[in-house]
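This report refers to the structure that appears directly beneath it.
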Amino acid sequence: MKSEITISELANLMNVSVHQIRYFEEKGVLQPAYTDNNQYRMYGIEQVYQLAHILLLRKLGVSVQSIKICMTSYSVDQYRQLLHYSSREADAELLRLKELQQFIKKVLHEQQNFNSESNQYQIKWRDTTYFESWIEMGSHTMLNAKLLAEQAKRVLNLFETDIHYIYDGSSTITLCLETQGPGDFSLPEGNYLSMQCLILEDDELEQMIEQLYDYAAAQSYTIAGPLILIERSYLSLFSSKNELHYELQLLIESATKS
DNA sequence: TTTCTCACA
DNA sequence: TGTGAGAA
């Protein structure tokens with residue numbers, strides 16, 4: 001009985017595809033022990049170890065091209081360096097995954113928030129928030145790709161964060177992104193009249209804004225700041241319809257509420 | 001089942 | 001750096 005195994009047996013054993021094993025052979029990193037009369041590649045225990053080493057080096061981020069050099073000529077010191085490098089890469093990947101998980105949690109949290117508060121007026125306390133202004137545009141301009149490309153400062157993870165549109169009554173709207181520390185400007189802490197809404201058409205948004213002002217007037221709230229429109233486009237992605245998720249906010253002076 | 005080759009992401 | 005498909 002032969003002690004060697006066929007390519008599919010090796011593939012099964014090592015949890016890789018037959019294709020991949022042949023690919024390693026083509027690149028000169030893994031040769032079969034011998035080729036049988038029927039032209040089948042046959043592999044022994046030595047090749048099993050070799051393949052295990054190749055797969056480990058691939059996990060460490062070594063290219064197939066470099067694996068040959070690694071396996072034939074690397075010193076202990078060079079392997080040490082490689083391990084250090086891979087460790088740093090793994091740290092970066094961990095960070096990336098942690099950020100992704102935070103984002104997912106945020107979406108889940110915001111989704112729940114949105115569902116329970118949609119189309120209801122609320123008073124929300126907001127701590128001082130700092131912003132970096134991102135795009136300035138005319139109050140009747142629509143956000144378009146050209147504007148984004150030409151005017152916008154480069155931003156990481158576009159549309160994965162809340163975008164604040166600040167309507168301060170002038171002829172321009174400022175699109176801002178929240179920052180941790182002091183940025184270009186800030187919104188004061190205080191009570192904000194808030195409403196979350198789902199919008200299909202742009203004119204619906206204008207109606208919502210009007211309604212918010214009407215409601216504020218009816219409640220005799222004194223408006224003490226600009227209109228803030230928060231766009232959460234990442235929420236729209238995860239809802240079934242093509243609706244856009246917005247929140248409208250107005251700073252009010254609660255002391256003057258009758 | 002395996003081999004080889006070409007196309008494709 | 002692989003994978004998929006097709007013919008032998």
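Following the order of the structure tokens, chains are lettered A, B, ..., residues in each are numbered from 1, and ligands are numbered from 1.
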Residues of chain C within 10 Å of chain A, counting only C-alpha atoms (C1' of nucleotides) - could you list those as a CSV table (one decimal) with all heavy atoms, in the first residue's frame?
chain,number,residue,atom,x,y,z
C,1,DT,P,1.2,36.6,-4.5
C,1,DT,OP1,1.7,36.7,-3.1
C,1,DT,OP2,1.9,35.9,-5.6
C,1,DT,O5',-0.4,36.1,-4.5
C,1,DT,C5',-1.2,36.6,-3.4
C,1,DT,C4',-2.5,35.9,-3.6
C,1,DT,O4',-3.1,36.3,-4.9
C,1,DT,C3',-2.4,34.4,-3.7
C,1,DT,O3',-3.5,33.8,-2.9
C,1,DT,C2',-2.6,34.0,-5.1
C,1,DT,C1',-3.6,35.1,-5.5
C,1,DT,N1,-3.6,35.4,-7.0
C,1,DT,C2,-4.9,35.7,-7.6
C,1,DT,O2,-5.9,35.8,-6.9
C,1,DT,N3,-4.9,36.0,-8.9
C,1,DT,C4,-3.8,35.9,-9.7
C,1,DT,O4,-3.9,36.2,-10.9
C,1,DT,C5,-2.5,35.6,-9.1
C,1,DT,C7,-1.3,35.5,-9.9
C,1,DT,C6,-2.5,35.4,-7.8
C,2,DG,P,-3.3,32.4,-2.3
C,2,DG,OP1,-4.5,32.1,-1.5
C,2,DG,OP2,-2.0,32.2,-1.8
C,2,DG,O5',-3.4,31.4,-3.7
C,2,DG,C5',-4.5,30.7,-3.9
C,2,DG,C4',-5.7,31.5,-4.5
C,2,DG,O4',-5.2,32.3,-5.6
C,2,DG,C3',-6.8,30.6,-5.0
C,2,DG,O3',-7.8,30.5,-4.0
C,2,DG,C2',-7.3,31.3,-6.3
C,2,DG,C1',-6.3,32.5,-6.4
C,2,DG,N9,-5.8,32.6,-7.8
C,2,DG,C8,-4.6,32.3,-8.2
C,2,DG,N7,-4.4,32.6,-9.5
C,2,DG,C5,-5.7,33.0,-9.9
C,2,DG,C6,-6.1,33.4,-11.2
C,2,DG,O6,-5.5,33.4,-12.3
C,2,DG,N1,-7.4,33.7,-11.2
C,2,DG,C2,-8.2,33.7,-10.1
C,2,DG,N2,-9.5,34.1,-10.3
C,2,DG,N3,-7.8,33.4,-8.9
C,2,DG,C4,-6.5,33.0,-8.9
C,3,DT,P,-8.8,29.3,-4.2
C,3,DT,OP1,-9.6,29.2,-3.0
C,3,DT,OP2,-8.0,28.1,-4.7
C,3,DT,O5',-9.8,29.7,-5.4
C,3,DT,C5',-10.6,30.8,-5.2
C,3,DT,C4',-11.6,30.9,-6.4
C,3,DT,O4',-10.8,31.3,-7.6
C,3,DT,C3',-12.3,29.6,-6.7
C,3,DT,O3',-13.6,29.9,-6.9
C,3,DT,C2',-11.6,29.1,-8.0
C,3,DT,C1',-11.1,30.4,-8.6
C,3,DT,N1,-9.9,30.3,-9.5
C,3,DT,C2,-10.0,30.7,-10.8
C,3,DT,O2,-11.1,31.2,-11.3
C,3,DT,N3,-8.9,30.6,-11.5
C,3,DT,C4,-7.7,30.1,-11.1
C,3,DT,O4,-6.7,30.1,-11.8
C,3,DT,C5,-7.6,29.7,-9.7
C,3,DT,C7,-6.4,29.2,-9.1
C,3,DT,C6,-8.8,29.8,-9.0
Counting only C-alpha atoms (C1' of nucleotides), collect the residues of chain B whose closest atom lies at most 9 Å from chain A, and write them out as a list in words.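 For chain B, the answer reads DT1, DT2 and DT3 of chain B.
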Based on the selection just made, write C-alpha atoms (C1' of nucleotides) of those residues as a short mmCIF file (atom, residue, chain, number, x, y, z; two decimals), in the first residue's frame.
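This is the output file selection.cif:
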data_model
loop_
_atom_site.label_atom_id
_atom_site.label_comp_id
_atom_site.auth_asym_id
_atom_site.auth_seq_id
_atom_site.Cartn_x
_atom_site.Cartn_y
_atom_site.Cartn_z
"C1'" DT B 1 -10.77 11.84 -10.38
"C1'" DT B 2 -7.25 14.33 -12.26
"C1'" DT B 3 -4.79 17.07 -15.68
#
Apply DSSP to the structure's backbone, then extract all residues of stretch 30-76 of chain A labelled strand (DSSP E or B) and return them as JSON, numbers by chain. {"A": [34, 35, 41, 42, 43]}
Atoms kept (all heavy atoms) for selection, written as a short mmCIF file (atom, residue, chain, number, x, y, z; two decimals), in the first residue's frame:
data_model
loop_
_atom_site.label_atom_id
_atom_site.label_comp_id
_atom_site.auth_asym_id
_atom_site.auth_seq_id
_atom_site.Cartn_x
_atom_site.Cartn_y
_atom_site.Cartn_z
N TYR A 34 6.28 12.52 -6.19
CA TYR A 34 6.50 11.95 -7.53
C TYR A 34 5.19 11.99 -8.31
O TYR A 34 4.13 12.26 -7.75
CB TYR A 34 7.02 10.51 -7.44
CG TYR A 34 6.06 9.51 -6.84
CD1 TYR A 34 5.18 8.79 -7.67
CD2 TYR A 34 6.01 9.29 -5.47
CE1 TYR A 34 4.29 7.88 -7.11
CE2 TYR A 34 5.13 8.38 -4.91
CZ TYR A 34 4.26 7.69 -5.74
OH TYR A 34 3.36 6.79 -5.20
N THR A 35 5.29 11.75 -9.62
CA THR A 35 4.08 11.66 -10.44
C THR A 35 3.86 10.21 -10.79
O THR A 35 4.78 9.53 -11.27
CB THR A 35 4.25 12.50 -11.72
OG1 THR A 35 4.65 13.81 -11.33
CG2 THR A 35 2.96 12.59 -12.49
N ARG A 41 -0.42 13.51 -9.42
CA ARG A 41 0.60 13.96 -8.47
C ARG A 41 0.43 13.19 -7.16
O ARG A 41 -0.71 13.04 -6.68
CB ARG A 41 0.43 15.46 -8.19
CG ARG A 41 0.65 16.36 -9.37
CD ARG A 41 0.03 17.72 -9.08
NE ARG A 41 0.38 18.73 -10.08
CZ ARG A 41 -0.26 18.91 -11.23
NH1 ARG A 41 -1.29 18.14 -11.55
NH2 ARG A 41 0.13 19.84 -12.08
N MET A 42 1.53 12.78 -6.57
CA MET A 42 1.46 12.06 -5.29
C MET A 42 2.30 12.80 -4.25
O MET A 42 3.39 13.30 -4.55
CB MET A 42 1.97 10.62 -5.45
CG MET A 42 1.23 9.80 -6.49
SD MET A 42 -0.55 9.64 -6.18
CE MET A 42 -0.56 8.51 -4.79
N TYR A 43 1.77 12.87 -3.03
CA TYR A 43 2.42 13.65 -1.98
C TYR A 43 2.68 12.80 -0.74
O TYR A 43 1.81 12.02 -0.32
CB TYR A 43 1.55 14.84 -1.60
CG TYR A 43 1.25 15.76 -2.76
CD1 TYR A 43 0.17 15.52 -3.59
CD2 TYR A 43 2.07 16.87 -3.02
CE1 TYR A 43 -0.11 16.36 -4.68
CE2 TYR A 43 1.80 17.71 -4.10
CZ TYR A 43 0.70 17.44 -4.92
OH TYR A 43 0.43 18.26 -5.98
#
Polymer residues at most 6 Å from A:Leu177, only C-alpha atoms (C1' of nucleotides), same-chain spacing of 3 or more positions, as a compact mmCIF listing (two decimals) with N, CA, C and O atoms, in the first residue's frame:
# COMPACT_ATOMS: atom_id res chain seq x y z
N PHE A 131 -17.44 71.09 15.58
CA PHE A 131 -17.54 70.68 14.19
C PHE A 131 -16.35 71.16 13.37
O PHE A 131 -15.75 72.19 13.66
N GLU A 132 -16.10 70.38 12.34
CA GLU A 132 -15.16 70.81 11.32
C GLU A 132 -16.05 71.11 10.11
O GLU A 132 -16.87 70.27 9.74
N ILE A 163 -23.88 63.66 8.99
CA ILE A 163 -23.49 64.91 8.36
C ILE A 163 -24.47 65.99 8.83
O ILE A 163 -25.68 65.82 8.73
Pick from A:Gln50, A:Ser233, A:Gln65, A:Ser86, whichever lies nearest to A:Glu160 using only C-alpha atoms: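 Answer, going by the shortest atom-to-atom distance: A:Ser233.
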By how many Å are atom CA of A:Ile123 and atom CA of A:Thr174 apart?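 According to the coordinates, atom CA of A:Ile123 and atom CA of A:Thr174 are separated by 23.6 Å.
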Taking the DSSP secondary structure from the backbone, can you list the residues of stretch 8-180 of chain A that are alpha helix (DSSP H), as a count of residues only? 90
Find the residues near C:DA5: any atom within 12 Å, counting only C-alpha atoms (C1' of nucleotides), skip ones fewer than 5 places away on the same chain, and give them as a short mmCIF file (atom, residue, chain, number, x, y, z; two decimals) with N, CA and C atoms (P, O5', C5', C4', C3', O3' and C1' of nucleotides), in the first residue's frame.
data_model
loop_
_atom_site.label_atom_id
_atom_site.label_comp_id
_atom_site.auth_asym_id
_atom_site.auth_seq_id
_atom_site.Cartn_x
_atom_site.Cartn_y
_atom_site.Cartn_z
P DT B 5 -0.82 23.20 -20.21
"O5'" DT B 5 -2.02 24.11 -20.71
"C5'" DT B 5 -3.01 23.58 -21.59
"C4'" DT B 5 -4.14 24.57 -21.72
"C3'" DT B 5 -3.70 26.03 -21.59
"O3'" DT B 5 -4.29 26.80 -22.62
"C1'" DT B 5 -5.45 25.59 -20.09
P DC B 6 -3.72 28.25 -22.99
"O5'" DC B 6 -5.04 29.12 -22.97
"C5'" DC B 6 -6.29 28.56 -23.40
"C4'" DC B 6 -7.43 29.34 -22.77
"C3'" DC B 6 -7.13 30.83 -22.59
"O3'" DC B 6 -8.23 31.60 -23.06
"C1'" DC B 6 -7.81 29.88 -20.55
P DA B 7 -8.12 33.19 -23.14
"O5'" DA B 7 -9.36 33.63 -22.25
"C5'" DA B 7 -10.48 32.76 -22.09
"C4'" DA B 7 -11.25 33.19 -20.86
"C3'" DA B 7 -11.18 34.69 -20.55
"O3'" DA B 7 -12.48 35.13 -20.17
"C1'" DA B 7 -10.46 33.47 -18.67
P DC B 8 -12.79 36.68 -20.04
"O5'" DC B 8 -12.95 36.87 -18.47
"C5'" DC B 8 -13.74 35.94 -17.71
"C4'" DC B 8 -13.50 36.16 -16.24
"C3'" DC B 8 -13.33 37.64 -15.85
"O3'" DC B 8 -14.21 37.93 -14.79
"C1'" DC B 8 -11.62 36.33 -14.91
#
Using only C-alpha atoms (C1' of nucleotides), which residues sit within 7 Å of A:Cys197 once same-chain residues fewer than 2 positions away are excluded, as a list in words?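 Those residues are Ser118, Asn119, Met195, Ile199, His245, Tyr246 and Glu247 of chain A.
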Nearest-residue call for A:Asn191, choices A:Ser73, A:Asn144, A:Gln47, A:Thr222, using only C-alpha atoms: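 The shortest atom-to-atom distance to A:Asn191 comes from A:Thr222.
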